[in-house]
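J.: Can you keep this structure in mind? I'll have questions shortly.
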Amino acid sequence: MRSLALTIAAVAVTAGLAGCNKSSNSQAPTNEAATSAGATPAEPTDAQKKALIATLPAPYSTGDLDNGEAKFAICKSCHTLTAGGPDMTGPNLNGVFGRKVASKPGYNYSDPMKAQAFTWDTDHLDKWLTDPKAMIPGTKMTFVGFKDPKDRIDVIAYLKAETSPVS
């Protein structure tokens with residue numbers, strides 16, 4: 001029975017990665033900063049995450065991290081969040097807040113993304129997460145968007161808590 005469960009889990013992982021054109025042997029996430037410093041950075045505490053979310057404008061400052069994490073699960077098939085993590089079908093999102101669109105080094109953005117001139121903030125993320133193809137026609141992102149505004153608020157708060165440096 002356990003062998004069957006492990007086989008099913010392996011098939012699920014392989015199938016999920018295949019949707020991103022990644023094999024189960026694809027580059028594992030790394031943490032360049034941690035590697036160079038010789039230690040893995042500490043996971044932010046709940047209090048630190050709440051402090052990061054509190055810096056967001058309303059209504060994002062009221063985001064539910066648990067729902068944001070649950071909704072972000074769909075994004076994990078194409079994006080990583082950890083510092084130094086790999087790009088997948090989509091770019092690594094660590095440090096996305098305050099980053100100029102299409103500026104992550106090493107990622108091959110579509111021409112329509114490269115033609116943009118904004119910086120990622122709550123308003124741009126909300127618009128993007130509503131309907132990426134409407135915001136930037138021709139983007140290679142296939143995600144159809146979160147239609148529920150509360151889900152977008154929660155995902156944006158989750159991204160802030162998980163991808164921003166803790167001070």
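Residues in the structure tokens are numbered from 1 in each chain, the chains being A, B, ... in the order shown, and ligands are numbered from 1 in the order shown.
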Which neighbours of Leu129 (chain A) fall inside 7 Å, counting only C-alpha atoms, when residues of the same chain fewer than 4 positions from it are skipped, and could you give them as a list in words?

T.: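 So the residues in contact are Leu125, Gly145, Phe146 and Arg152 of chain A.
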
J.: Using only C-alpha atoms, please write the residues we just selected to a file, as an mmCIF file, in the first residue's frame.

T.:
```cif
data_model
loop_
_atom_site.group_PDB
_atom_site.id
_atom_site.type_symbol
_atom_site.label_atom_id
_atom_site.label_comp_id
_atom_site.auth_asym_id
_atom_site.auth_seq_id
_atom_site.Cartn_x
_atom_site.Cartn_y
_atom_site.Cartn_z
ATOM 1 C CA LEU A 125 -0.104 42.847 -9.179
ATOM 2 C CA GLY A 145 -6.543 34.984 -13.346
ATOM 3 C CA PHE A 146 -8.251 35.066 -9.962
ATOM 4 C CA ARG A 152 -6.139 38.493 -5.135
#
```

J.: Residues within 7 Å of Pro112 (chain A), please, as a short mmCIF file (atom, residue, chain, number, x, y, z; two decimals) with N, CA and C atoms, in the first residue's frame. Count only C-alpha atoms; anything in the same chain fewer than 2 positions from it doesn't count.

T.:
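File selection.cif, as written:
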```cif
data_model
loop_
_atom_site.label_atom_id
_atom_site.label_comp_id
_atom_site.auth_asym_id
_atom_site.auth_seq_id
_atom_site.Cartn_x
_atom_site.Cartn_y
_atom_site.Cartn_z
N SER A 110 8.72 37.58 -22.49
CA SER A 110 8.14 37.80 -23.81
C SER A 110 8.36 39.26 -24.22
N LYS A 114 8.62 42.80 -22.02
CA LYS A 114 9.80 43.66 -22.10
C LYS A 114 9.44 45.09 -22.50
N ALA A 115 8.32 45.26 -23.19
CA ALA A 115 7.91 46.59 -23.66
C ALA A 115 7.27 47.43 -22.55
N GLN A 116 7.00 46.83 -21.39
CA GLN A 116 6.34 47.54 -20.28
C GLN A 116 7.36 48.37 -19.51
N ILE A 136 -1.58 42.60 -20.35
CA ILE A 136 -0.47 42.64 -21.31
C ILE A 136 -0.75 41.63 -22.42
N GLY A 138 -0.46 39.30 -25.41
CA GLY A 138 0.72 38.67 -25.99
C GLY A 138 1.67 38.08 -24.96
N THR A 139 1.36 38.25 -23.67
CA THR A 139 2.20 37.63 -22.65
C THR A 139 2.18 36.12 -22.83
#
```

J.: Region 123-156 of chain A near region 66-90 of chain A within 10 Å: what's each residue's closest atom pair and its distance in Å to one decimal, counting only C-alpha atoms, ordered by chain then ascending residue number, as CSV?

T.:
```
residue,atom,partner,partner_atom,distance
A:Lys140,CA,A:Gly90,CA,9.0
A:Met141,CA,A:Gly90,CA,7.5
A:Phe143,CA,A:Cys75,CA,8.3
A:Phe146,CA,A:Lys71,CA,8.7
A:Lys150,CA,A:Asn67,CA,9.2
A:Asp151,CA,A:Gly68,CA,6.7
A:Arg152,CA,A:Gly68,CA,7.8
A:Ile153,CA,A:Gly68,CA,7.8
A:Asp154,CA,A:Gly68,CA,4.3
A:Val155,CA,A:Gly68,CA,4.0
A:Ile156,CA,A:Gly68,CA,7.3
```

J.: Residues near Leu52 (chain A), anyone? I mean within 8 Å using only C-alpha atoms, not counting same-chain ones fewer than 3 positions away, as a list in words.

T.: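 Contacts, with the query itself left out: Gln48, Lys49, Thr55, Leu56, Lys160, Ala161, Ser164 and Val166 of chain A.
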
J.: With N, CA and C atoms retained, write the just-selected residues as a PDB file, in the first residue's frame.

T.:
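Listed below is the output, again-v8.pdb:
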```
ATOM      1  N   GLN A  48       6.927  38.762  11.881  1.00  0.00           N
ATOM      2  CA  GLN A  48       7.609  39.468  10.797  1.00  0.00           C
ATOM      3  C   GLN A  48       6.746  39.501   9.533  1.00  0.00           C
ATOM      4  N   LYS A  49       6.074  38.392   9.252  1.00  0.00           N
ATOM      5  CA  LYS A  49       5.178  38.352   8.091  1.00  0.00           C
ATOM      6  C   LYS A  49       4.034  39.347   8.263  1.00  0.00           C
ATOM      7  N   THR A  55       2.664  46.832   5.974  1.00  0.00           N
ATOM      8  CA  THR A  55       3.223  47.914   5.158  1.00  0.00           C
ATOM      9  C   THR A  55       2.457  48.106   3.851  1.00  0.00           C
ATOM     10  N   LEU A  56       1.596  47.162   3.509  1.00  0.00           N
ATOM     11  CA  LEU A  56       0.821  47.259   2.271  1.00  0.00           C
ATOM     12  C   LEU A  56      -0.342  48.227   2.452  1.00  0.00           C
ATOM     13  N   LYS A 160       3.902  39.247  -0.536  1.00  0.00           N
ATOM     14  CA  LYS A 160       4.650  40.232   0.249  1.00  0.00           C
ATOM     15  C   LYS A 160       5.367  39.539   1.418  1.00  0.00           C
ATOM     16  N   ALA A 161       4.628  38.694   2.125  1.00  0.00           N
ATOM     17  CA  ALA A 161       5.181  38.021   3.301  1.00  0.00           C
ATOM     18  C   ALA A 161       6.274  37.018   2.938  1.00  0.00           C
ATOM     19  N   SER A 164       9.584  39.219   0.404  1.00  0.00           N
ATOM     20  CA  SER A 164      10.214  40.489   0.772  1.00  0.00           C
ATOM     21  C   SER A 164      11.254  40.263   1.855  1.00  0.00           C
ATOM     22  N   VAL A 166      13.183  40.622   5.219  1.00  0.00           N
ATOM     23  CA  VAL A 166      12.769  40.979   6.580  1.00  0.00           C
ATOM     24  C   VAL A 166      13.823  41.893   7.153  1.00  0.00           C
TER      25      VAL A 166
END
```

J.: Identify, on the basis of only C-alpha atoms, every residue whose closest approach to Thr119 (chain A) does not exceed 6 Å; exclude the query and any residue fewer than 6 positions from it along the same chain; express the result as a list in words.

T.: Gly98, Arg99, Lys100 and Val101 of chain A

J.: Store the residues of this selection in a file with C-alpha atoms, as a compact mmCIF listing (two decimals), in the first residue's frame.

T.:
```txt
# COMPACT_ATOMS: atom_id res chain seq x y z
CA GLY A 98 9.47 47.17 -6.20
CA ARG A 99 11.08 45.32 -9.11
CA LYS A 100 10.76 46.75 -12.60
CA VAL A 101 8.63 44.54 -14.82
```

J.: Can you work out the spacing between CA of Pro165 (chain A) and CA of Pro44 (chain A) in Å, to one decimal?

T.: 8.9 Å

J.: Suppose you want the space between CA of Thr62 (chain A) and CA of Lys133 (chain A); what is it in Å?

T.: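 Those two atoms sit 27.0 Å apart.
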